[in-house]
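With mmCIF, C-alpha atoms inside, this is input.cif:
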data_entry
#
loop_
_atom_site.label_atom_id
_atom_site.label_comp_id
_atom_site.auth_asym_id
_atom_site.auth_seq_id
_atom_site.Cartn_x
_atom_site.Cartn_y
_atom_site.Cartn_z
CA ILE Y 198 63.00 73.67 113.05
CA PRO Y 199 62.04 73.49 109.39
CA GLU Y 200 59.68 76.14 108.07
CA TYR Y 201 56.95 73.61 107.22
CA ARG Y 202 56.70 72.88 110.97
CA LEU Y 203 57.16 76.44 112.19
CA PRO Y 204 56.41 79.05 109.52
CA ARG Y 205 58.73 82.06 109.81
CA ASP Y 206 55.88 84.58 109.87
CA ILE Y 207 54.33 82.82 112.89
CA LEU Y 208 57.73 82.62 114.60
CA GLN Y 209 58.26 86.36 114.04
CA MET Y 210 54.76 87.12 115.35
CA GLU Y 211 55.50 85.16 118.53
CA ILE Y 212 58.87 86.88 119.01
CA ASP Y 213 57.24 90.29 118.51
CA GLY Y 214 54.55 89.38 121.06
CA ILE Y 215 57.18 88.46 123.64
CA ARG Y 216 59.03 91.74 123.00
CA GLN Y 217 55.76 93.68 123.39
CA LEU Y 218 55.47 92.18 126.88
CA GLY Y 219 58.67 94.03 127.74
CA VAL Y 220 61.18 91.25 127.34
CA GLU Y 221 64.54 92.53 126.14
CA MET Y 222 66.35 90.09 123.86
CA LYS Y 223 70.05 90.13 123.15
CA THR Y 224 71.18 87.64 120.54
CA ASN Y 225 74.70 86.63 119.50
CA HIS Y 226 75.94 88.33 122.65
CA HIS Y 227 79.08 87.36 124.55
CA PHE Y 228 78.61 87.20 128.29
CA HIS Y 229 80.57 86.46 131.42
CA PHE Y 230 78.89 85.05 134.49
CA ASN Y 231 80.69 85.41 137.80
CA GLY Y 232 78.45 82.88 139.54
CA LYS Y 233 76.56 85.44 141.61
CA GLY Y 234 74.62 87.38 139.00
CA LYS Y 235 75.95 90.76 140.15
CA THR Y 236 77.11 91.62 136.63
CA TYR Y 237 73.52 91.44 135.39
CA GLN Y 238 72.11 93.24 138.41
CA LYS Y 239 74.46 96.15 137.71
CA LEU Y 240 73.05 96.27 134.19
CA GLY Y 241 69.52 96.49 135.61
CA PHE Y 242 68.41 92.90 135.00
CA ARG Y 243 66.56 90.89 137.64
CA ALA Y 244 66.63 87.67 135.64
CA VAL Y 245 68.52 86.23 132.70
CA PHE Y 246 67.41 83.38 130.47
CA LEU Y 247 70.13 81.81 128.38
CA SER Y 248 68.82 80.01 125.33
CA ILE Y 249 72.05 78.68 123.95
CA GLY Y 250 70.86 75.55 122.20
CA ALA Y 251 72.77 72.31 122.17
CA HIS Y 252 72.62 71.19 118.58
CA ARG Y 253 75.70 69.22 117.79
CA ASN Y 254 76.06 66.46 115.31
CA LEU Y 255 76.74 63.02 116.66
CA ARG Y 256 79.21 60.82 114.83
CA LEU Y 257 78.46 57.20 114.01
CA ASN Y 258 82.14 56.24 114.00
CA ILE Y 259 81.68 53.86 111.07
CA PRO Y 260 83.74 53.52 107.89
CA GLY Y 261 82.68 55.90 105.13
CA GLU Y 262 81.14 58.50 107.37
CA ALA Y 263 83.28 61.28 105.86
CA LEU Y 264 82.46 60.45 102.24
CA GLN Y 265 81.03 62.98 99.82
CA GLY Y 266 77.25 62.77 100.05
CA VAL Y 267 77.13 62.00 103.80
CA LEU Y 268 75.79 65.06 105.60
CA PRO Y 269 75.31 65.64 109.33
CA GLY Y 270 71.61 66.21 110.05
CA VAL Y 271 71.84 69.39 112.11
CA GLU Y 272 74.12 71.03 109.54
CA PHE Y 273 71.77 69.98 106.74
CA LEU Y 274 68.75 71.52 108.50
CA ARG Y 275 70.69 74.70 109.27
CA ASP Y 276 71.78 75.07 105.65
CA VAL Y 277 68.25 74.42 104.38
CA ASN Y 278 66.89 77.07 106.75
CA LEU Y 279 69.56 79.53 105.60
CA GLY Y 280 68.45 79.00 102.00
CA LYS Y 281 71.54 77.15 100.82
CA ARG Y 282 70.98 75.43 97.48
CA PHE Y 283 71.32 71.65 97.42
CA SER Y 284 71.60 69.12 94.67
CA ILE Y 285 69.89 66.33 96.56
CA GLY Y 286 69.83 62.83 95.14
CA GLU Y 287 66.71 60.95 94.19
CA LYS Y 288 67.25 58.43 97.02
CA VAL Y 289 68.06 59.62 100.53
CA ALA Y 290 68.84 57.49 103.58
CA VAL Y 291 68.51 59.11 106.99
CA ILE Y 292 70.05 57.50 110.06
CA GLY Y 293 68.38 58.10 113.42
CA GLY Y 294 65.05 58.12 115.18
CA GLY Y 295 64.84 61.55 116.76
CA ASN Y 296 63.25 64.81 115.68
CA VAL Y 297 66.33 65.84 113.67
CA ALA Y 298 66.18 62.62 111.63
CA VAL Y 299 62.46 63.05 110.90
CA ASP Y 300 62.95 66.73 110.02
CA VAL Y 301 65.85 65.84 107.69
CA ALA Y 302 63.76 63.14 105.98
CA ARG Y 303 60.76 65.40 105.47
CA SER Y 304 62.97 68.27 104.30
CA ALA Y 305 64.70 65.98 101.78
CA LEU Y 306 61.28 65.17 100.29
CA ARG Y 307 60.52 68.86 100.00
CA LEU Y 308 63.85 69.40 98.24
CA GLY Y 309 62.89 66.90 95.55
CA ALA Y 310 64.09 63.48 96.70
CA LYS Y 311 61.91 60.76 95.19
CA ARG Y 312 62.58 58.13 97.85
CA VAL Y 313 63.48 58.83 101.48
CA GLU Y 314 64.03 56.12 104.05
CA ILE Y 315 64.87 56.35 107.75
CA TYR Y 316 67.03 53.70 109.41
CA TYR Y 317 66.67 53.43 113.18
CA ARG Y 318 68.47 50.99 115.46
CA ARG Y 319 65.63 50.47 117.92
CA SER Y 320 61.88 49.80 117.83
CA ARG Y 321 59.15 52.29 116.93
CA ARG Y 322 58.12 52.48 120.58
CA GLU Y 323 61.65 53.61 121.45
CA MET Y 324 61.82 56.35 118.80
CA PRO Y 325 62.36 59.67 120.57
CA ALA Y 326 60.84 61.71 117.73
CA ILE Y 327 57.43 63.31 118.24
CA ALA Y 328 54.89 60.59 117.36
CA GLU Y 329 52.73 62.93 115.25
CA GLU Y 330 55.78 63.93 113.19
CA VAL Y 331 56.64 60.27 112.58
CA GLU Y 332 53.07 59.63 111.44
CA GLU Y 333 53.21 62.61 109.09
CA ALA Y 334 56.51 61.35 107.64
CA ILE Y 335 54.94 57.95 106.96
CA ARG Y 336 51.88 59.60 105.36
CA GLU Y 337 54.24 61.60 103.13
CA GLY Y 338 55.75 58.33 101.89
CA ILE Y 339 58.86 58.03 104.02
CA LYS Y 340 59.67 54.41 104.83
CA ILE Y 341 61.09 53.64 108.27
CA HIS Y 342 63.33 50.62 108.83
CA MET Y 343 63.39 49.61 112.48
CA LEU Y 344 66.12 47.61 114.20
CA ALA Y 345 68.61 48.60 111.48
CA SER Y 346 72.03 49.66 112.72
CA PRO Y 347 74.44 51.07 110.10
CA ILE Y 348 77.93 49.56 110.22
CA LYS Y 349 79.45 50.96 107.01
CA ILE Y 350 78.83 53.51 104.27
CA ILE Y 351 79.60 51.99 100.88
CA GLU Y 352 81.55 54.11 98.41
CA ARG Y 353 82.41 54.31 94.78
CA GLY Y 354 84.81 56.93 93.51
CA GLY Y 355 84.90 58.73 96.85
CA LYS Y 356 81.11 59.14 97.00
CA ALA Y 357 78.57 57.41 99.20
CA ILE Y 358 76.45 55.02 97.15
CA GLY Y 359 74.96 52.75 99.81
CA MET Y 360 74.96 51.57 103.38
CA GLU Y 361 75.42 48.27 105.15
CA CYS Y 362 73.30 47.66 108.25
CA LEU Y 363 72.89 44.98 110.87
#

Just dump the structure as C-alpha coordinates.
Amino acid sequence: IPEYRLPRDILQMEIDGIRQLGVEMKTNHHFHFNGKGKTYQKLGFRAVFLSIGAHRNLRLNIPGEALQGVLPGVEFLRDVNLGKRFSIGEKVAVIGGGNVAVDVARSALRLGAKRVEIYYRRSRREMPAIAEEVEEAIREGIKIHMLASPIKIIERGGKAIGMECL
(Lines of atoms letter the chains of each structure in order from A and count residues from 1; the text may use other names and numbers.)
(Lines give C-alpha, C1' and ligand atoms only; values in the text may rest on other atoms or scores of the structure.)
Protein backbone atom coordinates (compact mmCIF):
# COMPACT_ATOMS: atom_id res chain seq x y z
CA ILE A 1 0.00 0.00 0.00
CA PRO A 2 1.60 3.28 -1.04
CA GLU A 3 2.56 5.70 1.71
CA TYR A 4 0.13 8.38 0.51
CA ARG A 5 -2.71 5.95 1.35
CA LEU A 6 -1.20 4.53 4.53
CA PRO A 7 1.48 6.78 6.05
CA ARG A 8 4.28 4.75 7.64
CA ASP A 9 4.06 6.55 10.98
CA ILE A 10 0.36 5.62 11.27
CA LEU A 11 1.12 2.03 10.24
CA GLN A 12 3.84 1.81 12.90
CA MET A 13 1.51 3.30 15.52
CA GLU A 14 -1.11 0.65 14.72
CA ILE A 15 1.45 -2.17 14.84
CA ASP A 16 2.75 -0.89 18.18
CA GLY A 17 -0.82 -0.74 19.52
CA ILE A 18 -1.43 -4.36 18.54
CA ARG A 19 1.83 -5.42 20.21
CA GLN A 20 0.85 -3.52 23.37
CA LEU A 21 -2.28 -5.68 23.52
CA GLY A 22 0.02 -8.67 23.96
CA VAL A 23 0.12 -9.97 20.42
CA GLU A 24 3.45 -11.57 19.59
CA MET A 25 4.49 -11.07 15.97
CA LYS A 26 7.02 -13.17 14.13
CA THR A 27 7.86 -11.96 10.65
CA ASN A 28 9.90 -13.64 7.91
CA HIS A 29 9.63 -16.85 9.90
CA HIS A 30 9.68 -20.34 8.41
CA PHE A 31 7.06 -22.65 9.82
CA HIS A 32 5.83 -26.19 9.48
CA PHE A 33 2.23 -27.09 10.14
CA ASN A 34 1.43 -30.72 10.84
CA GLY A 35 -2.30 -30.21 10.35
CA LYS A 36 -3.20 -30.52 14.03
CA GLY A 37 -1.61 -27.43 15.54
CA LYS A 38 0.33 -29.40 18.16
CA THR A 39 3.60 -27.78 17.11
CA TYR A 40 2.25 -24.37 18.08
CA GLN A 41 0.62 -25.63 21.27
CA LYS A 42 3.99 -26.97 22.39
CA LEU A 43 5.42 -23.50 21.85
CA GLY A 44 2.69 -22.03 24.07
CA PHE A 45 0.43 -20.59 21.38
CA ARG A 46 -3.34 -21.02 21.46
CA ALA A 47 -3.89 -19.44 18.06
CA VAL A 48 -1.83 -18.61 14.99
CA PHE A 49 -2.70 -16.06 12.33
CA LEU A 50 -0.78 -16.40 9.10
CA SER A 51 -0.66 -13.20 7.09
CA ILE A 52 1.25 -14.41 4.09
CA GLY A 53 -0.11 -12.13 1.40
CA ALA A 54 -0.83 -13.24 -2.12
CA HIS A 55 0.65 -10.52 -4.26
CA ARG A 56 1.75 -12.00 -7.52
CA ASN A 57 1.93 -10.32 -10.84
CA LEU A 58 -0.44 -11.53 -13.50
CA ARG A 59 0.83 -11.83 -17.04
CA LEU A 60 -1.12 -10.50 -20.00
CA ASN A 61 0.42 -13.01 -22.40
CA ILE A 62 0.61 -10.45 -25.21
CA PRO A 63 3.51 -9.64 -27.53
CA GLY A 64 5.93 -7.09 -26.09
CA GLU A 65 5.16 -7.77 -22.46
CA ALA A 66 8.84 -8.38 -21.64
CA LEU A 67 10.12 -5.19 -23.27
CA GLN A 68 12.20 -2.63 -21.42
CA GLY A 69 9.83 -0.12 -19.86
CA VAL A 70 7.04 -2.64 -19.11
CA LEU A 71 6.90 -3.17 -15.36
CA PRO A 72 4.69 -5.51 -13.32
CA GLY A 73 2.49 -3.45 -10.98
CA VAL A 74 3.14 -5.27 -7.72
CA GLU A 75 6.91 -5.17 -8.28
CA PHE A 76 6.71 -1.47 -9.12
CA LEU A 77 4.81 -0.69 -5.91
CA ARG A 78 7.20 -2.80 -3.85
CA ASP A 79 10.23 -1.04 -5.32
CA VAL A 80 8.66 2.40 -4.77
CA ASN A 81 7.93 1.50 -1.14
CA LEU A 82 11.51 0.27 -0.68
CA GLY A 83 12.78 3.64 -1.92
CA LYS A 84 14.20 2.42 -5.22
CA ARG A 85 14.96 5.29 -7.59
CA PHE A 86 13.07 5.34 -10.88
CA SER A 87 13.49 7.25 -14.07
CA ILE A 88 9.81 7.29 -14.96
CA GLY A 89 8.68 8.57 -18.33
CA GLU A 90 6.46 11.56 -18.87
CA LYS A 91 3.63 9.35 -20.17
CA VAL A 92 2.61 6.21 -18.29
CA ALA A 93 0.00 3.64 -19.30
CA VAL A 94 -1.35 1.35 -16.60
CA ILE A 95 -3.27 -1.80 -17.50
CA GLY A 96 -5.92 -3.04 -15.08
CA GLY A 97 -8.85 -1.95 -12.98
CA GLY A 98 -8.00 -3.14 -9.49
CA ASN A 99 -6.41 -1.46 -6.49
CA VAL A 100 -2.89 -2.27 -7.70
CA ALA A 101 -3.53 -0.52 -11.03
CA VAL A 102 -4.93 2.59 -9.31
CA ASP A 103 -2.06 2.63 -6.80
CA VAL A 104 0.48 2.30 -9.63
CA ALA A 105 -1.15 5.15 -11.56
CA ARG A 106 -1.26 7.48 -8.56
CA SER A 107 2.30 6.56 -7.58
CA ALA A 108 3.52 7.27 -11.12
CA LEU A 109 2.06 10.79 -10.84
CA ARG A 110 3.87 11.29 -7.56
CA LEU A 111 7.12 10.16 -9.20
CA GLY A 112 6.82 12.90 -11.81
CA ALA A 113 4.87 11.46 -14.74
CA LYS A 114 3.05 14.24 -16.57
CA ARG A 115 0.33 12.06 -18.09
CA VAL A 116 -0.99 8.81 -16.61
CA GLU A 117 -3.76 6.78 -18.17
CA ILE A 118 -5.41 3.56 -17.02
CA TYR A 119 -6.70 1.03 -19.55
CA TYR A 120 -9.34 -1.36 -18.27
CA ARG A 121 -11.09 -4.08 -20.26
CA ARG A 122 -14.47 -3.79 -18.57
CA SER A 123 -16.90 -1.05 -17.52
CA ARG A 124 -16.49 1.35 -14.59
CA ARG A 125 -19.19 -0.52 -12.68
CA GLU A 126 -17.11 -3.70 -12.98
CA MET A 127 -13.86 -2.12 -11.74
CA PRO A 128 -12.78 -3.97 -8.60
CA ALA A 129 -10.75 -1.01 -7.26
CA ILE A 130 -12.08 0.92 -4.28
CA ALA A 131 -14.49 3.50 -5.73
CA GLU A 132 -13.11 6.36 -3.62
CA GLU A 133 -9.59 5.61 -4.85
CA VAL A 134 -10.78 5.67 -8.47
CA GLU A 135 -12.45 9.03 -7.85
CA GLU A 136 -9.26 10.41 -6.29
CA ALA A 137 -7.24 9.19 -9.28
CA ILE A 138 -9.61 11.00 -11.65
CA ARG A 139 -9.43 14.18 -9.52
CA GLU A 140 -5.63 13.96 -9.70
CA GLY A 141 -5.85 13.99 -13.50
CA ILE A 142 -5.58 10.31 -14.35
CA LYS A 143 -7.64 9.41 -17.40
CA ILE A 144 -9.37 6.03 -17.43
CA HIS A 145 -10.14 4.25 -20.69
CA MET A 146 -12.90 1.68 -20.25
CA LEU A 147 -13.54 -1.33 -22.48
CA ALA A 148 -9.93 -1.21 -23.71
CA SER A 149 -8.17 -4.57 -23.89
CA PRO A 150 -4.43 -4.50 -24.71
CA ILE A 151 -3.39 -6.93 -27.43
CA LYS A 152 0.20 -5.83 -28.09
CA ILE A 153 2.95 -3.62 -26.69
CA ILE A 154 4.60 -1.66 -29.49
CA GLU A 155 8.38 -1.43 -29.48
CA ARG A 156 11.20 0.53 -30.98
CA GLY A 157 14.79 -0.44 -30.32
CA GLY A 158 13.81 -2.98 -27.68
CA LYS A 159 11.82 -0.45 -25.63
CA ALA A 160 8.08 -0.10 -25.17
CA ILE A 161 6.80 3.00 -26.95
CA GLY A 162 3.08 2.31 -27.23
CA MET A 163 0.24 -0.14 -26.92
CA GLU A 164 -2.43 -1.50 -29.22
CA CYS A 165 -5.85 -2.16 -27.69
CA LEU A 166 -9.18 -3.55 -28.78

Mind telling me what the PyMOL selection byres ((chain Y and resi 283) around 12) catches here, as a CSV table (one decimal) with C-alpha atoms, in the frame of the given file?
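The result, written out as result32.csv:
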chain,number,residue,atom,x,y,z
Y,266,GLY,CA,77.2,62.8,100.0
Y,268,LEU,CA,75.8,65.1,105.6
Y,273,PHE,CA,71.8,70.0,106.7
Y,274,LEU,CA,68.8,71.5,108.5
Y,276,ASP,CA,71.8,75.1,105.6
Y,277,VAL,CA,68.2,74.4,104.4
Y,278,ASN,CA,66.9,77.1,106.8
Y,279,LEU,CA,69.6,79.5,105.6
Y,280,GLY,CA,68.4,79.0,102.0
Y,281,LYS,CA,71.5,77.2,100.8
Y,282,ARG,CA,71.0,75.4,97.5
Y,284,SER,CA,71.6,69.1,94.7
Y,285,ILE,CA,69.9,66.3,96.6
Y,286,GLY,CA,69.8,62.8,95.1
Y,304,SER,CA,63.0,68.3,104.3
Y,305,ALA,CA,64.7,66.0,101.8
Y,307,ARG,CA,60.5,68.9,100.0
Y,308,LEU,CA,63.8,69.4,98.2
Y,309,GLY,CA,62.9,66.9,95.6
Y,310,ALA,CA,64.1,63.5,96.7

Need to verify the contact set: range 255-260 of chain Y, 8 Å, all atoms listed in the file, exclusion of same-chain residues closer than 3 positions in sequence. Can you return it as a ChimeraX atom specification?
/Y:269,347-350

Selection near Lys340 in chain Y, 12 Å with all atoms listed in the file, sequence-local residues under 6 positions removed, as an NGL selection string
:Y and (288-291 or 299 or 302-303 or 306 or 311-317 or 331-334)

Could you check which of Y:Leu344, Y:Ile339, Y:Val301, Y:Ala263 is closest to Ala357 in chain Y, using all atoms listed in the file?
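That would be Y:Ala263, the residue with the smallest distance to Ala357 in chain Y.
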
Pick out the closest residue to Lys223 in chain Y from this set: Y:Ser320, Y:Ile292, Y:Glu287, Y:Ser248. Count all atoms listed in the file.
Y:Ser248

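CA of Gln217 in chain Y is found 26.4 Å from CA of Lys235 in chain Y.
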
Please determine, counting all atoms listed in the file, which residue among Y:Arg243, Y:Pro204, Y:Gln209, Y:Arg318 has the shortest atom-to-atom distance to Ile341 in chain Y.
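Counting all atoms listed in the file, the residue closest to Ile341 in chain Y is Y:Arg318.
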
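Across the model, the gap from CA of Ile327 in chain Y to CA of Met343 in chain Y is 16.0 Å.
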
Using only C-alpha atoms, the shortest atom-to-atom distance to Arg353 in chain Y among Y:Gln265, Y:Val245, Y:Ile215, Y:Arg253 belongs to Y:Gln265

Can you sort out the box for range 339-349 of chain Y, edges along x, y and z, all listed atoms in, 6 Å on every side, with centre and edge lengths in Å to one decimal, as JSON?
{"center_x": 69.2, "center_y": 52.8, "center_z": 109.1, "size_x": 32.6, "size_y": 22.4, "size_z": 22.2}

Quick one: which residues end up in the PyMOL selection byres ((chain Y and resi 295) around 7) for this structure, as a PDB file with C-alpha atoms, keeping the file's coordinate frame?
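What follows is the written file part.pdb:
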ATOM      1  CA  GLY Y 293      68.380  58.100 113.420  1.00  0.00           C
ATOM      2  CA  GLY Y 294      65.050  58.120 115.180  1.00  0.00           C
ATOM      3  CA  ASN Y 296      63.250  64.810 115.680  1.00  0.00           C
ATOM      4  CA  VAL Y 297      66.330  65.840 113.670  1.00  0.00           C
ATOM      5  CA  ALA Y 298      66.180  62.620 111.630  1.00  0.00           C
ATOM      6  CA  VAL Y 299      62.460  63.050 110.900  1.00  0.00           C
ATOM      7  CA  MET Y 324      61.820  56.350 118.800  1.00  0.00           C
ATOM      8  CA  PRO Y 325      62.360  59.670 120.570  1.00  0.00           C
ATOM      9  CA  ALA Y 326      60.840  61.710 117.730  1.00  0.00           C
TER      10      ALA Y 326
END

One decimal, in Å: what's the spacing between CA of Leu363 in chain Y and CA of Arg319 in chain Y?
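We find that CA of Leu363 in chain Y and CA of Arg319 in chain Y lie 11.5 Å from each other.
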
Nearest to Arg275 in chain Y by atom-to-atom distance, counting only C-alpha atoms, from Y:Pro199, Y:Gly261, Y:Gly219, Y:Gly214
Y:Pro199

Please identify all polymer residues lying at most 8 Å from the point (73.6, 68.7, 116.7) (file coordinates), using all atoms listed in the file, and present the result as a PyMOL selection string.
chain Y and resi 251-255+270-272

Take the residues just selected and output them with C-alpha atoms as a PDB file, in the frame of the given file.
ATOM      1  CA  ALA Y 251      72.770  72.310 122.170  1.00  0.00           C
ATOM      2  CA  HIS Y 252      72.620  71.190 118.580  1.00  0.00           C
ATOM      3  CA  ARG Y 253      75.700  69.220 117.790  1.00  0.00           C
ATOM      4  CA  ASN Y 254      76.060  66.460 115.310  1.00  0.00           C
ATOM      5  CA  LEU Y 255      76.740  63.020 116.660  1.00  0.00           C
ATOM      6  CA  GLY Y 270      71.610  66.210 110.050  1.00  0.00           C
ATOM      7  CA  VAL Y 271      71.840  69.390 112.110  1.00  0.00           C
ATOM      8  CA  GLU Y 272      74.120  71.030 109.540  1.00  0.00           C
TER       9      GLU Y 272
END

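Closest approach to Tyr201 in chain Y from the set Y:Asp213, Y:His226, Y:Glu330, Y:Phe246 is made by Y:Glu330, with distances taken over all atoms listed in the file.
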